[in-house]
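Participant: Contents of input_39.txt (compact mmCIF, C-alpha atoms):
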```txt
# COMPACT_ATOMS: atom_id res chain seq x y z
CA MET B 1 -11.91 31.67 17.66
CA LEU B 2 -9.56 29.34 19.54
CA TYR B 3 -11.60 26.13 19.54
CA GLY B 4 -14.54 24.85 17.55
CA ILE B 5 -16.73 21.94 16.49
CA CYS B 6 -18.29 20.96 13.19
CA PRO B 7 -22.06 21.76 13.23
CA LEU B 8 -22.76 20.25 9.78
CA SER B 9 -22.99 16.73 8.38
CA VAL B 10 -19.71 16.57 6.41
CA VAL B 11 -17.25 19.41 5.82
CA ALA B 12 -14.10 19.55 3.70
CA VAL B 13 -10.72 20.33 5.30
CA ARG B 14 -8.33 21.64 2.64
CA ALA B 15 -4.59 21.84 2.10
CA GLU B 16 -4.71 25.62 1.53
CA PRO B 17 -7.20 28.39 2.45
CA SER B 18 -9.18 28.17 -0.79
CA ASP B 19 -12.35 26.44 -1.99
CA ALA B 20 -10.35 25.22 -5.00
CA SER B 21 -7.63 23.63 -2.85
CA GLU B 22 -7.19 19.87 -2.43
CA MET B 23 -9.39 18.25 0.22
CA VAL B 24 -7.04 16.44 2.60
CA THR B 25 -9.64 15.14 5.05
CA GLN B 26 -13.14 15.82 6.32
CA LEU B 27 -14.87 16.77 9.54
CA LEU B 28 -18.01 14.89 10.45
CA TYR B 29 -20.74 16.33 12.64
CA GLY B 30 -19.43 16.94 16.15
CA ASP B 31 -15.72 16.64 15.37
CA HIS B 32 -13.89 19.24 17.47
CA PHE B 33 -10.64 21.06 16.83
CA GLU B 34 -8.15 23.70 17.88
CA VAL B 35 -7.65 26.81 15.73
CA ILE B 36 -3.95 27.39 15.08
CA GLU B 37 -4.11 30.17 12.46
CA ASN B 38 -6.59 32.68 11.05
CA LYS B 39 -6.59 33.98 7.48
CA LEU B 40 -9.53 36.08 6.30
CA LYS B 41 -12.56 33.76 6.10
CA TRP B 42 -10.42 30.65 6.69
CA ILE B 43 -9.07 29.03 9.85
CA LYS B 44 -6.27 26.49 10.06
CA ILE B 45 -7.29 23.76 12.46
CA ARG B 46 -5.76 20.82 14.29
CA ILE B 47 -8.35 18.06 14.66
CA ALA B 48 -8.53 16.74 18.23
CA PHE B 49 -9.03 13.09 17.28
CA ASP B 50 -5.88 12.60 15.18
CA ASP B 51 -3.95 15.94 15.26
CA TYR B 52 -4.47 16.29 11.50
CA GLU B 53 -4.15 19.86 10.22
CA GLY B 54 -5.82 21.72 7.40
CA TRP B 55 -7.91 24.74 6.44
CA LEU B 56 -11.63 25.14 7.16
CA ASP B 57 -14.13 27.75 6.00
CA VAL B 58 -14.94 29.67 9.20
CA LYS B 59 -18.65 29.72 8.25
CA GLN B 60 -18.66 25.94 8.75
CA ALA B 61 -17.41 26.09 12.35
CA PHE B 62 -19.14 26.62 15.69
CA GLU B 63 -17.03 28.25 18.41
CA ILE B 64 -16.54 26.57 21.79
CA ASP B 65 -14.40 27.44 24.81
CA GLU B 66 -11.34 25.59 26.09
CA THR B 67 -13.21 23.82 28.89
CA THR B 68 -15.75 22.43 26.45
CA TYR B 69 -12.93 21.38 24.12
CA GLU B 70 -11.20 19.49 26.94
CA ASN B 71 -14.46 17.85 28.01
CA LEU B 72 -15.07 16.62 24.47
CA ASN B 73 -11.63 14.99 24.55
CA THR B 74 -12.74 12.67 27.32
CA THR B 75 -16.39 11.99 26.48
CA ARG B 76 -16.87 10.26 23.12
CA SER B 77 -20.05 8.75 21.74
CA PHE B 78 -20.36 8.05 18.03
CA SER B 79 -23.32 7.31 15.82
CA THR B 80 -23.38 3.69 14.64
CA ASP B 81 -26.25 3.99 12.15
CA LEU B 82 -25.21 4.44 8.52
CA LEU B 83 -27.42 7.53 8.47
CA SER B 84 -29.20 9.23 11.38
CA LEU B 85 -31.16 12.43 11.83
CA MET B 86 -30.62 15.47 14.00
CA THR B 87 -33.46 17.86 14.78
CA THR B 88 -32.09 21.40 14.98
CA LYS B 89 -33.21 23.98 17.51
CA HIS B 90 -35.40 25.45 14.75
CA GLY B 91 -37.13 22.10 14.21
CA HIS B 92 -35.36 21.30 10.94
CA LEU B 93 -34.03 17.84 10.12
CA MET B 94 -30.35 17.35 9.32
CA PRO B 95 -28.81 14.01 8.30
CA VAL B 96 -25.60 12.86 9.98
CA CYS B 97 -23.59 9.80 8.99
CA ILE B 98 -21.96 6.97 10.85
CA GLY B 99 -19.04 8.03 13.05
CA SER B 100 -20.50 11.44 13.92
CA SER B 101 -20.00 12.63 17.50
CA ILE B 102 -23.35 12.99 19.21
CA GLU B 103 -21.87 14.73 22.26
CA ALA B 104 -21.97 17.95 20.22
CA SER B 105 -25.73 17.81 19.79
CA LYS B 106 -26.32 19.20 23.30
CA LEU B 107 -23.96 22.12 22.65
CA LEU B 108 -25.68 22.96 19.37
CA GLY B 109 -29.20 22.56 20.69
CA HIS B 110 -29.89 19.57 18.45
CA LYS B 111 -31.78 16.39 19.23
CA PHE B 112 -30.18 13.14 18.08
CA ASP B 113 -32.36 10.27 16.88
CA GLY B 114 -30.24 7.17 16.38
CA ALA B 115 -27.95 4.56 17.91
CA ASN B 116 -24.54 5.21 19.43
CA ASN B 117 -21.51 3.03 19.97
CA HIS B 118 -21.47 0.14 22.43
CA ASN B 119 -18.81 -1.82 24.29
CA PHE B 120 -15.88 -2.78 22.06
CA SER B 121 -15.35 -6.27 20.73
CA LYS B 122 -12.75 -6.98 18.05
CA ARG B 123 -15.23 -9.04 16.04
CA ASP B 124 -17.33 -5.88 15.65
CA LEU B 125 -14.64 -4.27 13.48
CA VAL B 126 -15.51 -6.31 10.40
CA ASP B 127 -19.24 -5.86 11.00
CA THR B 128 -18.72 -2.09 11.13
CA ALA B 129 -16.52 -2.20 8.02
CA MET B 130 -19.29 -3.99 6.13
CA LEU B 131 -21.58 -0.99 6.67
CA TYR B 132 -19.31 0.95 4.28
CA LEU B 133 -19.40 -1.71 1.55
CA ASN B 134 -19.76 -0.13 -1.94
CA SER B 135 -19.08 3.39 -0.65
CA PRO B 136 -17.32 5.26 -3.48
CA TYR B 137 -13.64 6.11 -3.19
CA LEU B 138 -12.97 9.80 -2.49
CA TRP B 139 -9.55 11.26 -1.72
CA GLY B 140 -9.75 12.78 1.77
CA GLY B 141 -13.23 11.36 2.37
CA LYS B 142 -14.47 9.93 5.67
CA SER B 143 -18.17 9.29 5.07
CA PRO B 144 -20.12 6.40 3.46
CA PHE B 145 -20.81 8.78 0.55
CA GLY B 146 -17.10 9.01 -0.27
CA ILE B 147 -14.08 7.66 1.59
CA ASP B 148 -10.41 6.86 1.02
CA CYS B 149 -8.52 3.78 2.20
CA SER B 150 -7.02 5.22 5.38
CA GLY B 151 -10.16 7.22 6.20
CA PHE B 152 -12.17 4.01 5.94
CA VAL B 153 -9.88 2.15 8.34
CA GLN B 154 -9.70 5.11 10.73
CA MET B 155 -13.48 5.46 10.86
CA VAL B 156 -14.08 1.74 11.50
CA TYR B 157 -11.66 1.82 14.42
CA LYS B 158 -12.95 5.21 15.65
CA ILE B 159 -16.49 3.89 15.98
CA SER B 160 -15.05 1.13 18.20
CA GLY B 161 -13.31 3.74 20.35
CA ILE B 162 -9.78 3.13 19.01
CA HIS B 163 -7.52 5.95 17.83
CA LEU B 164 -5.69 5.55 14.54
CA PHE B 165 -3.71 8.17 12.67
CA ARG B 166 -5.23 9.63 9.50
CA ASP B 167 -2.83 8.48 6.75
CA ALA B 168 -1.88 4.89 5.90
CA TYR B 169 1.88 5.42 6.32
CA GLU B 170 1.25 6.74 9.85
CA GLN B 171 -1.18 3.96 10.71
CA ALA B 172 1.52 1.47 9.68
CA LYS B 173 3.59 2.68 12.65
CA GLN B 174 0.88 1.56 15.09
CA GLY B 175 0.37 -1.92 16.48
CA GLN B 176 2.46 -5.09 16.37
CA ALA B 177 3.75 -6.61 13.13
CA LEU B 178 2.83 -10.23 12.38
CA SER B 179 5.32 -12.63 10.82
CA PHE B 180 2.84 -14.56 8.68
CA ILE B 181 -0.55 -13.89 7.15
CA GLU B 182 -1.82 -17.04 8.90
CA GLU B 183 -1.33 -15.27 12.25
CA SER B 184 -3.84 -12.57 11.36
CA GLU B 185 -7.35 -12.27 12.75
CA PRO B 186 -10.39 -10.47 11.37
CA GLY B 187 -9.97 -6.80 12.21
CA ASP B 188 -6.17 -6.72 11.82
CA LEU B 189 -4.73 -4.20 9.36
CA ALA B 190 -2.83 -5.03 6.16
CA PHE B 191 -0.54 -2.41 4.62
CA PHE B 192 0.71 -2.22 1.05
CA ASP B 193 3.59 -0.37 -0.58
CA ASN B 194 4.69 0.86 -3.99
CA GLU B 195 7.92 0.20 -5.91
CA GLU B 196 9.75 2.77 -3.78
CA GLY B 197 8.70 1.00 -0.58
CA LYS B 198 6.29 3.75 0.50
CA ILE B 199 3.10 2.66 2.27
CA ILE B 200 0.25 3.71 -0.02
CA HIS B 201 -2.73 1.54 0.95
CA VAL B 202 -4.39 -0.15 3.91
CA GLY B 203 -7.28 -2.57 4.41
CA ILE B 204 -8.97 -4.65 7.10
CA MET B 205 -8.43 -8.40 7.27
CA MET B 206 -11.43 -10.73 7.19
CA LYS B 207 -11.81 -14.49 7.57
CA GLU B 208 -10.39 -17.04 5.13
CA ASN B 209 -7.89 -14.70 3.41
CA TYR B 210 -10.33 -12.00 2.40
CA ILE B 211 -9.81 -8.27 2.88
CA ILE B 212 -12.15 -5.28 2.83
CA HIS B 213 -10.62 -2.04 1.55
CA ALA B 214 -11.36 1.17 -0.36
CA HIS B 215 -10.18 0.89 -3.97
CA GLY B 216 -12.55 2.50 -6.42
CA GLN B 217 -15.15 1.65 -3.84
CA VAL B 218 -15.17 -0.18 -0.53
CA ARG B 219 -14.91 -3.77 -1.73
CA ILE B 220 -13.95 -7.29 -0.69
CA ASP B 221 -11.04 -9.06 -2.40
CA ARG B 222 -8.73 -12.00 -1.81
CA ILE B 223 -5.36 -11.56 -0.08
CA ASP B 224 -2.28 -13.78 0.07
CA HIS B 225 1.44 -13.41 0.75
CA SER B 226 1.89 -11.40 -2.46
CA GLY B 227 -0.91 -8.91 -1.88
CA ILE B 228 -4.50 -8.14 -2.87
CA PHE B 229 -5.95 -10.19 -5.72
CA ASN B 230 -8.82 -8.30 -7.35
CA VAL B 231 -11.72 -10.73 -7.86
CA ASP B 232 -13.11 -8.70 -10.78
CA THR B 233 -9.95 -8.20 -12.84
CA ASN B 234 -8.24 -11.45 -11.74
CA ARG B 235 -5.04 -9.47 -11.19
CA TYR B 236 -3.02 -8.33 -8.18
CA SER B 237 -3.75 -4.70 -7.35
CA HIS B 238 -1.55 -4.08 -4.28
CA ASN B 239 1.75 -5.43 -2.96
CA LEU B 240 1.61 -6.64 0.67
CA ARG B 241 4.14 -5.00 2.98
CA VAL B 242 3.05 -5.94 6.52
CA ILE B 243 0.08 -6.98 8.65
CA LYS B 244 -0.31 -5.23 11.99
CA LYS B 245 -2.32 -6.19 15.07
CA VAL B 246 -3.54 -3.01 16.76
CA VAL B 247 -5.99 -4.63 19.22
```
Please re-express this file's structure in structure tokens.
Facilitator:
Amino acid sequence: MLYGICPLSVVAVRAEPSDASEMVTQLLYGDHFEVIENKLKWIKIRIAFDDYEGWLDVKQAFEIDETTYENLNTTRSFSTDLLSLMTTKHGHLMPVCIGSSIEASKLLGHKFDGANNHNFSKRDLVDTAMLYLNSPYLWGGKSPFGIDCSGFVQMVYKISGIHLFRDAYEQAKQGQALSFIEESEPGDLAFFDNEEGKIIHVGIMMKENYIIHAHGQVRIDRIDHSGIFNVDTNRYSHNLRVIKKVV
């Protein structure tokens, strides 16, 4: 296998070729990839959307050819419903979550029943982010049933047709830095660092100095020049490093 797509709802991509290995990210239905290494029942893949690499159980992949792979790079349509249904070629129902690529349904012989993405408007970013509200935090997760901070931001932008890198420290290299928090608009990205100055967290700016981010769960907190102020604990949880305007 040289190229493939994900034929299932949500699939783990791992750091090493083992079911016990750390999950570093996930594939959603229809995500396509290049195979860069084979090892027994595992394949090492490079995900087309963000060039992220990891190991996938070969049983959870559907093989495609290079032409199909290239075509999928240029035709993107993503589900915008929190949860939609696919009808398989055998007549079985399969749930797929928001951000899934419905282009793959034709290749797999599935019928998609749901809404797909529309023309981009920056104000839609916060509306999309709100669909994930209260989703539990999950390291490497990218679905409303478990998601991490950078996966959350990446998915919100992906649904709007905008490419972001997978990890927060890479996302922080994208866009234009703002000098003051007052310059920010809803949909801009705020990045936070640790004591060593490493970017460790990211969230999406909202109106009136609020931010939506994944911390324990996808939640809304206050933000100021110091960082995120947790409205439940009445304490600062993250130190603000920079706010970036990507669109």
Participant: Which is closer to Glu195 in chain B than all the others in B:Val126, B:Asn73, B:Lys44, B:Asn239, using only C-alpha atoms?
Facilitator: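 Using only C-alpha atoms, the shortest distance to Glu195 in chain B belongs to B:Asn239.
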Participant: Name the residues in contact with range 140-152 of chain B at a cut-off of 10 Å, using only C-alpha atoms, excluding same-chain residues fewer than 2 positions from it; report them as a ChimeraX atom specification.
Facilitator: /B:9-14,22-28,82-83,96-100,129,131-138,154-158,164-171,200-204,212-218
Participant: What is the CA of Thr128 in chain B to CA of Tyr236 in chain B distance in Å?
Facilitator: 25.7 Å
Participant: Which of these residues is nearest to Ile43 in chain B, using only C-alpha atoms: B:Glu208, B:Glu66, B:Asp81, B:Gly4?
Facilitator: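 Nearest to Ile43 in chain B: B:Gly4.
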Participant: Counting all atoms listed in the file, which of B:Ala172, B:Ala61, B:Val35, B:Cys6 gets nearest to Ala190 in chain B?
Facilitator: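 Result for the nearest residue to Ala190 in chain B: B:Ala172.
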Participant: With a distance cut-off of 12 Å and all atoms listed in the file, select the neighbouring residues of Asn71 in chain B, excluding the residue or stretch itself and same-chain residues fewer than 5 positions from it, and output the selection as a list in words.
Facilitator: His32, Ala48, Ile64, Asp65, Glu66, Arg76, Glu103, Ala104 and Leu107 of chain B
Participant: Looking at B:Phe180, B:Asp51, B:Ser121, B:Pro186, which one is nearest to His225 in chain B, with distances taken over all atoms listed in the file?
Facilitator: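 Counting all atoms listed in the file, the residue closest to His225 in chain B is B:Phe180.
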Participant: Quote the spacing between CA of Trp139 in chain B and CA of Lys173 in chain B in Å to one decimal place.
Facilitator: 21.3 Å
Participant: In Å to one decimal, how far is CA of Pro7 in chain B from CA of Gly30 in chain B?
Facilitator: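 About the pair CA of Gly30 in chain B and CA of Pro7 in chain B: they are 6.2 Å apart.
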Participant: Measuring atom to atom with all atoms listed in the file, identify which of B:Gly187, B:Tyr29, B:Glu53, B:Leu2 is nearest to Ala15 in chain B.
Facilitator: B:Glu53
Participant: Which of these residues is nearest to Ile211 in chain B, using only C-alpha atoms: B:Pro95, B:Pro17, B:Gly227, B:Gly175?
Facilitator: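 When distances to Ile211 in chain B are compared using only C-alpha atoms, the smallest one comes from B:Gly227.
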